[in-house]
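Data block for run-v3.cif (mmCIF, C-alpha atoms):
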```cif
data_my_file
#
loop_
_atom_site.label_atom_id
_atom_site.label_comp_id
_atom_site.auth_asym_id
_atom_site.auth_seq_id
_atom_site.Cartn_x
_atom_site.Cartn_y
_atom_site.Cartn_z
CA MET W 1 126.80 112.83 45.00
CA GLN W 2 127.51 111.15 41.66
CA ILE W 3 128.30 107.59 40.60
CA ALA W 4 132.05 107.07 40.97
CA THR W 5 133.98 106.25 37.81
CA SER W 6 135.61 103.36 39.68
CA VAL W 7 132.33 101.46 39.15
CA SER W 8 133.48 101.02 35.54
CA ASN W 9 136.15 98.59 36.84
CA LEU W 10 133.50 96.15 38.09
CA LYS W 11 133.56 94.01 34.94
CA SER W 12 132.00 90.94 36.60
CA ILE W 13 129.12 92.71 38.33
CA MET W 14 125.68 91.43 37.30
CA PHE W 15 123.33 93.33 39.64
CA LEU W 16 123.84 96.94 40.69
CA ASP W 17 121.34 98.51 43.08
CA LEU W 18 122.00 102.22 43.58
CA SER W 19 118.45 103.03 44.64
CA TYR W 20 117.69 105.82 47.12
CA ASN W 21 121.27 107.11 47.42
CA ASN W 22 120.46 110.74 46.53
CA LEU W 23 122.65 110.49 43.44
CA THR W 24 122.64 113.53 41.16
CA GLY W 25 124.17 114.72 37.93
CA PRO W 26 124.06 113.03 34.55
CA LEU W 27 123.81 109.26 34.32
CA PRO W 28 127.24 108.05 33.16
CA GLU W 29 127.59 106.25 29.82
CA PHE W 30 130.14 103.85 31.28
CA LEU W 31 127.35 101.90 33.00
CA ALA W 32 126.37 100.50 29.60
CA GLN W 33 129.93 99.23 29.15
CA LEU W 34 129.73 96.82 32.10
CA PRO W 35 129.67 93.57 30.10
CA ASN W 36 127.84 91.32 32.58
CA LEU W 37 125.36 93.83 34.02
CA LYS W 38 121.83 92.38 33.90
CA MET W 39 119.96 94.61 36.36
CA LEU W 40 120.49 98.28 37.21
CA ASN W 41 118.22 99.88 39.81
CA LEU W 42 118.43 103.68 39.94
CA THR W 43 115.09 104.32 41.64
CA GLY W 44 114.79 107.29 43.98
CA ASN W 45 117.72 109.36 42.75
CA LYS W 46 117.77 112.81 41.14
CA PHE W 47 119.73 112.44 37.94
CA THR W 48 119.77 115.26 35.40
CA GLY W 49 119.50 114.99 31.66
CA SER W 50 118.36 111.92 29.83
CA VAL W 51 119.15 108.23 30.03
CA PRO W 52 122.06 107.46 27.68
CA ASP W 53 120.98 105.76 24.46
CA THR W 54 123.43 102.92 25.12
CA LEU W 55 121.60 101.98 28.34
CA LEU W 56 118.19 102.28 26.70
CA GLU W 57 119.32 100.06 23.83
CA LYS W 58 120.53 97.33 26.20
CA SER W 59 117.20 97.55 28.00
CA LYS W 60 115.17 97.31 24.77
CA ASN W 61 117.19 94.28 23.66
CA GLY W 62 116.36 92.48 26.89
CA LYS W 63 120.01 92.48 27.96
CA LEU W 64 119.43 94.81 30.91
CA LEU W 65 116.60 95.37 33.39
CA LEU W 66 116.65 99.10 33.99
CA ARG W 67 114.65 100.65 36.82
CA PHE W 68 114.59 104.35 37.50
CA LEU W 69 112.43 107.18 38.75
CA PHE W 70 113.00 110.87 39.41
CA PHE W 71 114.95 112.00 36.37
CA PHE W 72 115.05 115.77 36.19
CA ASN W 73 116.22 118.01 33.36
#
```

Translate this structure into structure tokens?
Amino acid sequence: MQIATSVSNLKSIMFLDLSYNNLTGPLPEFLAQLPNLKMLNLTGNKFTGSVPDTLLEKSKNGKLLLRFLFFFN
């Protein structure tokens, strides 16, 4: 199961907890485009590839609390 693209329509969302949902596939770039997102919890999923640079940059700038485990290549 992957994150639905319809999540990109949630422009007002501030906290998104997708932990332990057995999500797979690449982590979508559109998550970084959610303008009000302050916390994204992806713990316990099995994403492939790497975390998009746009999400990492928001996290480094203190604009997003990013939590994740179990990334597989």

Using only C-alpha atoms, determine which residues lie at most 12 Å from stretch 44-53 of chain W, disregarding the query and same-chain residues fewer than 5 positions distant; provide the list as a ChimeraX atom specification.
/W:1-3,17-33,58-60,66-73

Ref. answer, residues at most 9 Å from (120.0, 97.0, 36.7) with only C-alpha atoms, as a list in words
Met14, Phe15, Leu16, Asp17, Leu18, Leu37, Lys38, Met39, Leu40, Asn41, Leu42, Leu64, Leu65, Leu66 and Arg67 of chain W

Pull C-alpha atoms from the residues just selected and write them as a PDB file, keeping the file's coordinate frame.
```
ATOM      1  CA  MET W  14     125.680  91.430  37.300  1.00  0.00           C
ATOM      2  CA  PHE W  15     123.330  93.330  39.640  1.00  0.00           C
ATOM      3  CA  LEU W  16     123.840  96.940  40.690  1.00  0.00           C
ATOM      4  CA  ASP W  17     121.340  98.510  43.080  1.00  0.00           C
ATOM      5  CA  LEU W  18     122.000 102.220  43.580  1.00  0.00           C
ATOM      6  CA  LEU W  37     125.360  93.830  34.020  1.00  0.00           C
ATOM      7  CA  LYS W  38     121.830  92.380  33.900  1.00  0.00           C
ATOM      8  CA  MET W  39     119.960  94.610  36.360  1.00  0.00           C
ATOM      9  CA  LEU W  40     120.490  98.280  37.210  1.00  0.00           C
ATOM     10  CA  ASN W  41     118.220  99.880  39.810  1.00  0.00           C
ATOM     11  CA  LEU W  42     118.430 103.680  39.940  1.00  0.00           C
ATOM     12  CA  LEU W  64     119.430  94.810  30.910  1.00  0.00           C
ATOM     13  CA  LEU W  65     116.600  95.370  33.390  1.00  0.00           C
ATOM     14  CA  LEU W  66     116.650  99.100  33.990  1.00  0.00           C
ATOM     15  CA  ARG W  67     114.650 100.650  36.820  1.00  0.00           C
TER      16      ARG W  67
END
```

Between atom CA of W:Leu56 and atom CA of W:Asn36, what is the distance in Å, rounded to a tenth?
15.7 Å
